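Q: Here it is: the structure, laid out below.
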Amino acid sequence: MPLLENNLFKTSKKINNCIAIIVCICFSIYSCSPKPYASSNKVYREKLKELTKTINALPQDNTLDSLKENNNWIGTTNFGIRKPNLVIIHHTAQESCEQTLRTFTKDSTQVSAHYLICKDGTLHHLLNDYLRAWHAGIGKWGNNTDVNSTSIGIELDNNGKDSFTEAQLHVLEDLLAVLKKKYNIPTANFIGHLDIAPGRKVDPGILFPWKRFADSGYGLWYGDTTNTVLPVDFNVLMALRIVGYDVSKPQAAIQAFRQHFLQHSNTGELSEEEKKVLYVLMMRFM
Ligand SMILES: [Zn+2]
């Protein structure tokens, strides 16, 4: 290697080493700090103040301009706060709870959830249940096209390949019990991210024990299909639509149904047995 190039190579190597050392030091300071999330907690409180202004505004102050002339505000005495009515279960697709906490406390990521459950069963409550987390993204369930506005998002620390831990599932069960009771969430309204975003998302994945949770009252499940006779005019897409799936991409909707209710990732058209499962399930959603 010529002398000049050799020197340049050595200099850039030194710079890289320096950057690596600075990153390590920053990370050590961050993780050793007694309150590593103090700054994000501060941002949370500031955002809350802004949102409180919205809630405090009187109807006459936020009526649409085109309606203002006709508006004579008279305050009703009967109202409450809107409640969540849907629970979306996710896996983080990240390597650790710490990594996800960093993701959810950085403005630039624009993602969040109400709860995060770590592998050891530690539960982090990240956002007041009445506020809108950014966990669902583009998605649809039935005619609900703004899932974030109506749902609670729960993230399970899981890289998408490993099984969920028993400690995690126990805590999830306790959490779902509280949410279901507190907000009176219908049994059918406990679903996964893959259900509302077929073809775009696969979480919480085929290893999530949906049947176990359905048996406890969180989500619907099909029963015995031994004596099930399919109607001659049984329509797969219509059945998926009745369950709640967005069928604008038919194959993606079929795959989402498969991964949730049949817990495998085979592709292709549904077999007769799989259609029977869908049929029985559809009847439960009617
Ligand atoms: Zn997700």
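Residue names in the structure tokens use chain letters A, B, ... in the order shown, residue numbers from 1 in each chain, and ligand numbers from 1 in the order shown.
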List as a Markdown table every residue of segment 60-112 of chain A that is in contact with segment 38-44 of chain A, defined as an atom at most 12 Å from one of its atoms (using only C-alpha atoms), together with the nearest atom pair and the distance in Å rounded to one decimal, sorted by chain and then rising number.

A:
| residue | atom | partner | partner_atom | distance |
| --- | --- | --- | --- | --- |
| A:Leu101 | CA | A:Ser40 | CA | 10.5 |
| A:Arg102 | CA | A:Ser40 | CA | 9.7 |
| A:Thr103 | CA | A:Ser40 | CA | 11.3 |
| A:Phe104 | CA | A:Ser40 | CA | 9.4 |
| A:Thr105 | CA | A:Ser40 | CA | 5.8 |
| A:Lys106 | CA | A:Ser40 | CA | 7.7 |
| A:Asp107 | CA | A:Ser40 | CA | 9.0 |

Q: Store the residues picked out above, limited to C-alpha atoms, as a PDB file, in the first residue's frame.

A:
ATOM      1  CA  LEU A 101     -37.616   1.023  25.930  1.00  0.00           C
ATOM      2  CA  ARG A 102     -35.023   3.077  24.064  1.00  0.00           C
ATOM      3  CA  THR A 103     -37.074   2.770  20.841  1.00  0.00           C
ATOM      4  CA  PHE A 104     -40.249   3.927  22.585  1.00  0.00           C
ATOM      5  CA  THR A 105     -38.600   6.917  24.271  1.00  0.00           C
ATOM      6  CA  LYS A 106     -37.013   8.407  21.154  1.00  0.00           C
ATOM      7  CA  ASP A 107     -39.037  10.988  19.182  1.00  0.00           C
TER       8      ASP A 107
END

Q: Please list as number ranges by chain every residue within 12 Å of Thr226 of chain A, counting only C-alpha atoms and excluding residues in the same chain fewer than 4 positions away.

A: A: 222, 230, 272-274, 276-277, 280

Q: Counting only C-alpha atoms, what is within 12 Å of Asp174 of chain A, bar same-chain residues fewer than 4 positions away, as a PyMOL selection string?

A: chain A and resi 117+121+123+167-170+178-181+213+216-218

Q: Ligand 1: which residues are within 12 Å, counting only C-alpha atoms and all ligand atoms? Reply as JSON, numbers by chain.

A: {"A": [87, 88, 89, 90, 91, 92, 93, 94, 111, 112, 113, 116, 134, 135, 136, 137, 138, 139, 148, 152, 153, 154, 155, 156, 157, 158, 159, 160, 191, 192, 193, 194, 195, 196, 197, 198, 200, 201, 202, 203, 204, 205]}

Q: Work out how far apart atom CA of Asp65 of chain A and atom CA of Arg82 of chain A are and give it in Å to one decimal.

A: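 Atom CA of Arg82 of chain A lies at a distance of 24.6 Å from atom CA of Asp65 of chain A.
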
Q: Please give the complete set of residues from segment 47-263 of chain A that DSSP, run on the backbone, assigns to helix (DSSP H, G or I), formatted as a short mmCIF file (atom, residue, chain, number, x, y, z; two decimals) with N, CA and C atoms, in the first residue's frame.

A:
data_model
loop_
_atom_site.label_atom_id
_atom_site.label_comp_id
_atom_site.auth_asym_id
_atom_site.auth_seq_id
_atom_site.Cartn_x
_atom_site.Cartn_y
_atom_site.Cartn_z
N LYS A 47 -46.07 16.93 26.91
CA LYS A 47 -47.09 16.58 25.91
C LYS A 47 -48.47 16.52 26.56
N LEU A 48 -48.48 15.99 27.79
CA LEU A 48 -49.73 15.87 28.54
C LEU A 48 -50.37 17.25 28.75
N LYS A 49 -49.51 18.24 29.04
CA LYS A 49 -50.02 19.60 29.24
C LYS A 49 -50.69 20.10 27.97
N GLU A 50 -50.06 19.83 26.82
CA GLU A 50 -50.63 20.25 25.54
C GLU A 50 -51.98 19.59 25.30
N LEU A 51 -52.03 18.27 25.57
CA LEU A 51 -53.28 17.54 25.34
C LEU A 51 -54.38 18.01 26.29
N THR A 52 -53.98 18.38 27.50
CA THR A 52 -54.97 18.86 28.47
C THR A 52 -55.66 20.11 27.95
N LYS A 53 -54.91 20.94 27.22
CA LYS A 53 -55.52 22.15 26.63
C LYS A 53 -56.64 21.74 25.68
N THR A 54 -56.41 20.71 24.90
CA THR A 54 -57.44 20.23 23.96
C THR A 54 -58.69 19.79 24.71
N ILE A 55 -58.47 19.03 25.79
CA ILE A 55 -59.61 18.52 26.57
C ILE A 55 -60.35 19.69 27.24
N ASN A 56 -59.60 20.70 27.69
CA ASN A 56 -60.20 21.81 28.41
C ASN A 56 -60.96 22.79 27.52
N PRO A 59 -66.70 23.50 23.77
CA PRO A 59 -67.16 23.17 22.41
C PRO A 59 -67.15 24.39 21.48
N GLN A 60 -67.52 25.56 21.99
CA GLN A 60 -67.57 26.74 21.11
C GLN A 60 -66.18 27.15 20.61
N ASP A 61 -65.14 26.71 21.34
CA ASP A 61 -63.78 27.08 20.93
C ASP A 61 -63.22 26.16 19.85
N ASP A 65 -64.89 26.06 11.72
CA ASP A 65 -65.15 27.44 11.29
C ASP A 65 -66.48 27.58 10.55
N SER A 66 -66.74 26.63 9.66
CA SER A 66 -67.94 26.72 8.83
C SER A 66 -69.23 26.62 9.65
N LEU A 67 -69.12 26.12 10.88
CA LEU A 67 -70.32 25.96 11.70
C LEU A 67 -70.44 27.01 12.80
N LYS A 68 -69.41 27.83 12.93
CA LYS A 68 -69.33 28.75 14.08
C LYS A 68 -70.54 29.67 14.23
N GLU A 69 -71.02 30.20 13.09
CA GLU A 69 -72.13 31.16 13.18
C GLU A 69 -73.38 30.55 13.79
N ASN A 70 -73.55 29.26 13.56
CA ASN A 70 -74.78 28.60 14.06
C ASN A 70 -74.61 28.03 15.46
N CYS A 97 -35.78 -5.94 26.27
CA CYS A 97 -36.70 -4.91 26.75
C CYS A 97 -36.01 -3.55 26.74
N GLU A 98 -34.72 -3.55 27.09
CA GLU A 98 -33.98 -2.28 27.15
C GLU A 98 -33.97 -1.63 25.76
N GLN A 99 -33.74 -2.45 24.75
CA GLN A 99 -33.73 -1.92 23.38
C GLN A 99 -35.09 -1.31 23.03
N THR A 100 -36.16 -2.00 23.41
CA THR A 100 -37.50 -1.50 23.09
C THR A 100 -37.82 -0.24 23.88
N LEU A 101 -37.39 -0.19 25.14
CA LEU A 101 -37.62 1.02 25.93
C LEU A 101 -36.93 2.22 25.28
N ARG A 102 -35.72 1.99 24.75
CA ARG A 102 -35.02 3.08 24.06
C ARG A 102 -35.80 3.48 22.80
N THR A 103 -36.31 2.48 22.07
CA THR A 103 -37.07 2.77 20.84
C THR A 103 -38.31 3.62 21.16
N PHE A 104 -38.99 3.25 22.26
CA PHE A 104 -40.25 3.93 22.58
C PHE A 104 -40.05 5.28 23.27
N ASP A 107 -38.08 10.32 20.07
CA ASP A 107 -39.04 10.99 19.18
C ASP A 107 -38.97 10.47 17.75
N SER A 108 -37.75 10.23 17.29
CA SER A 108 -37.55 9.91 15.88
C SER A 108 -38.21 8.61 15.45
N THR A 109 -38.47 7.69 16.37
CA THR A 109 -39.03 6.39 15.96
C THR A 109 -40.53 6.48 15.68
N VAL A 147 -57.32 2.13 14.28
CA VAL A 147 -57.18 1.19 15.39
C VAL A 147 -56.48 1.85 16.59
N ASN A 148 -55.51 2.73 16.34
CA ASN A 148 -54.82 3.39 17.46
C ASN A 148 -55.78 4.15 18.36
N SER A 149 -56.82 4.73 17.77
CA SER A 149 -57.75 5.56 18.56
C SER A 149 -58.65 4.75 19.46
N THR A 150 -58.80 3.48 19.19
CA THR A 150 -59.76 2.69 19.96
C THR A 150 -59.11 1.56 20.76
N GLU A 166 -43.02 -18.21 30.25
CA GLU A 166 -44.19 -18.43 31.10
C GLU A 166 -44.43 -17.19 31.96
N ALA A 167 -43.34 -16.57 32.44
CA ALA A 167 -43.47 -15.38 33.29
C ALA A 167 -44.20 -14.27 32.52
N GLN A 168 -43.83 -14.11 31.26
CA GLN A 168 -44.46 -13.10 30.40
C GLN A 168 -45.95 -13.38 30.21
N LEU A 169 -46.26 -14.64 29.91
CA LEU A 169 -47.65 -15.00 29.61
C LEU A 169 -48.53 -14.86 30.84
N HIS A 170 -47.96 -15.17 32.03
CA HIS A 170 -48.72 -15.01 33.28
C HIS A 170 -49.08 -13.55 33.50
N VAL A 171 -48.09 -12.68 33.31
CA VAL A 171 -48.33 -11.24 33.51
C VAL A 171 -49.32 -10.73 32.47
N LEU A 172 -49.19 -11.22 31.24
CA LEU A 172 -50.13 -10.80 30.19
C LEU A 172 -51.56 -11.18 30.59
N GLU A 173 -51.70 -12.39 31.11
CA GLU A 173 -53.03 -12.85 31.51
C GLU A 173 -53.61 -11.94 32.60
N ASP A 174 -52.77 -11.60 33.58
CA ASP A 174 -53.22 -10.70 34.66
C ASP A 174 -53.62 -9.34 34.08
N LEU A 175 -52.80 -8.84 33.17
CA LEU A 175 -53.06 -7.53 32.57
C LEU A 175 -54.36 -7.55 31.77
N LEU A 176 -54.55 -8.59 30.97
CA LEU A 176 -55.77 -8.67 30.16
C LEU A 176 -57.01 -8.74 31.04
N ALA A 177 -56.88 -9.45 32.18
CA ALA A 177 -58.02 -9.55 33.10
C ALA A 177 -58.42 -8.16 33.60
N VAL A 178 -57.41 -7.36 33.96
CA VAL A 178 -57.68 -6.01 34.47
C VAL A 178 -58.31 -5.15 33.37
N LEU A 179 -57.73 -5.18 32.17
CA LEU A 179 -58.22 -4.34 31.08
C LEU A 179 -59.64 -4.72 30.68
N LYS A 180 -59.87 -6.02 30.59
CA LYS A 180 -61.19 -6.50 30.15
C LYS A 180 -62.27 -6.01 31.11
N LYS A 181 -61.98 -6.14 32.41
CA LYS A 181 -62.95 -5.75 33.43
C LYS A 181 -63.11 -4.22 33.48
N LYS A 182 -61.99 -3.53 33.50
CA LYS A 182 -62.03 -2.07 33.67
C LYS A 182 -62.75 -1.37 32.52
N TYR A 183 -62.49 -1.83 31.27
CA TYR A 183 -63.05 -1.14 30.11
C TYR A 183 -64.18 -1.93 29.44
N THR A 187 -65.03 -10.06 24.47
CA THR A 187 -64.10 -11.19 24.33
C THR A 187 -63.48 -11.25 22.93
N ALA A 188 -64.28 -10.94 21.90
CA ALA A 188 -63.78 -11.05 20.51
C ALA A 188 -62.72 -10.00 20.21
N ASN A 189 -62.62 -8.97 21.05
CA ASN A 189 -61.76 -7.83 20.70
C ASN A 189 -60.34 -7.91 21.26
N HIS A 193 -51.51 -7.97 16.10
CA HIS A 193 -51.16 -6.96 15.09
C HIS A 193 -51.36 -7.53 13.68
N LEU A 194 -51.03 -8.82 13.52
CA LEU A 194 -51.17 -9.43 12.19
C LEU A 194 -52.62 -9.40 11.71
N ASP A 195 -53.58 -9.46 12.66
CA ASP A 195 -55.00 -9.49 12.27
C ASP A 195 -55.45 -8.19 11.65
N ILE A 196 -54.89 -7.08 12.14
CA ILE A 196 -55.36 -5.78 11.62
C ILE A 196 -54.50 -5.30 10.45
N TRP A 210 -52.62 -18.54 21.29
CA TRP A 210 -53.94 -17.91 21.18
C TRP A 210 -55.03 -18.73 21.85
N LYS A 211 -54.96 -20.07 21.68
CA LYS A 211 -56.05 -20.91 22.22
C LYS A 211 -56.10 -20.79 23.73
N ARG A 212 -54.92 -20.84 24.36
CA ARG A 212 -54.85 -20.73 25.82
C ARG A 212 -55.52 -19.43 26.28
N PHE A 213 -55.25 -18.34 25.57
CA PHE A 213 -55.84 -17.06 25.98
C PHE A 213 -57.34 -17.02 25.67
N ALA A 214 -57.72 -17.62 24.54
CA ALA A 214 -59.16 -17.66 24.20
C ALA A 214 -59.91 -18.48 25.26
N ASP A 215 -59.28 -19.56 25.73
CA ASP A 215 -59.92 -20.38 26.76
C ASP A 215 -60.14 -19.59 28.05
N VAL A 236 -65.06 -17.97 1.35
CA VAL A 236 -63.93 -17.75 2.27
C VAL A 236 -63.73 -16.27 2.58
N LEU A 237 -63.74 -15.45 1.55
CA LEU A 237 -63.46 -14.02 1.78
C LEU A 237 -64.56 -13.34 2.58
N MET A 238 -65.78 -13.74 2.30
CA MET A 238 -66.88 -13.15 3.06
C MET A 238 -66.76 -13.56 4.53
N ALA A 239 -66.39 -14.82 4.77
CA ALA A 239 -66.23 -15.30 6.15
C ALA A 239 -65.11 -14.53 6.85
N LEU A 240 -63.99 -14.34 6.16
CA LEU A 240 -62.88 -13.58 6.75
C LEU A 240 -63.31 -12.15 7.06
N ARG A 241 -64.11 -11.59 6.18
CA ARG A 241 -64.61 -10.21 6.36
C ARG A 241 -65.50 -10.14 7.60
N ILE A 242 -66.35 -11.16 7.78
CA ILE A 242 -67.25 -11.18 8.95
C ILE A 242 -66.43 -11.28 10.24
N VAL A 243 -65.36 -12.07 10.21
CA VAL A 243 -64.50 -12.18 11.40
C VAL A 243 -63.87 -10.82 11.71
N PRO A 250 -56.59 -10.59 -0.65
CA PRO A 250 -57.17 -11.87 -0.19
C PRO A 250 -56.15 -12.85 0.37
N GLN A 251 -55.03 -13.04 -0.34
CA GLN A 251 -54.06 -14.03 0.13
C GLN A 251 -53.45 -13.63 1.48
N ALA A 252 -53.24 -12.33 1.65
CA ALA A 252 -52.67 -11.84 2.92
C ALA A 252 -53.66 -12.07 4.06
N ALA A 253 -54.95 -11.86 3.79
CA ALA A 253 -55.97 -12.09 4.82
C ALA A 253 -56.02 -13.56 5.20
N ILE A 254 -55.93 -14.45 4.18
CA ILE A 254 -55.94 -15.90 4.45
C ILE A 254 -54.73 -16.27 5.32
N GLN A 255 -53.58 -15.70 5.00
CA GLN A 255 -52.36 -16.01 5.76
C GLN A 255 -52.47 -15.54 7.21
N ALA A 256 -53.04 -14.35 7.40
CA ALA A 256 -53.19 -13.83 8.77
C ALA A 256 -54.11 -14.74 9.58
N PHE A 257 -55.21 -15.15 8.96
CA PHE A 257 -56.15 -16.08 9.62
C PHE A 257 -55.43 -17.38 9.99
N ARG A 258 -54.64 -17.89 9.04
CA ARG A 258 -53.90 -19.15 9.26
C ARG A 258 -52.94 -19.03 10.43
N GLN A 259 -52.19 -17.93 10.43
CA GLN A 259 -51.16 -17.79 11.47
C GLN A 259 -51.78 -17.64 12.85
N HIS A 260 -52.92 -16.97 12.91
CA HIS A 260 -53.57 -16.78 14.22
C HIS A 260 -54.31 -18.05 14.65
N PHE A 261 -55.16 -18.59 13.79
CA PHE A 261 -56.08 -19.64 14.24
C PHE A 261 -55.60 -21.06 13.93
N LEU A 262 -54.70 -21.20 12.97
CA LEU A 262 -54.19 -22.55 12.67
C LEU A 262 -52.73 -22.67 13.08
#

Q: Return the single residue from A:Ser151, A:Asp224, A:Ala133, A:Ile81 that is closest to Ile185 of chain A, with distances computed using only C-alpha atoms.

A: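 Nearest candidate to Ile185 of chain A out of A:Ser151, A:Asp224, A:Ala133, A:Ile81: A:Ser151.
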
Q: Can you tell me, as a count of residues only, which residues in segment 113-176 of chain A count as strand (DSSP E) by DSSP?

A: 12

Q: What is the atom CA of Gly75 of chain A to atom CA of Leu58 of chain A distance in Å?

A: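 Distance reported for this atom pair: 8.6 Å.
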
Q: Using only C-alpha atoms, which residue out of A:Asn85, A:Asn62, A:Gln263, A:Thr77 lies closest to Asn184 of chain A?

A: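 Selected residue with least distance to Asn184 of chain A: A:Asn85.
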
Q: Any idea what the distance is between atom CA of Lys119 of chain A and atom CA of Phe208 of chain A?

A: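 Between these atoms lies a distance of 13.6 Å.
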
Q: Nearest to Arg45 of chain A among A:Leu207, A:Leu127, A:Val247, A:Met283, with distances taken over only C-alpha atoms: which residue is it?

A: A:Leu127
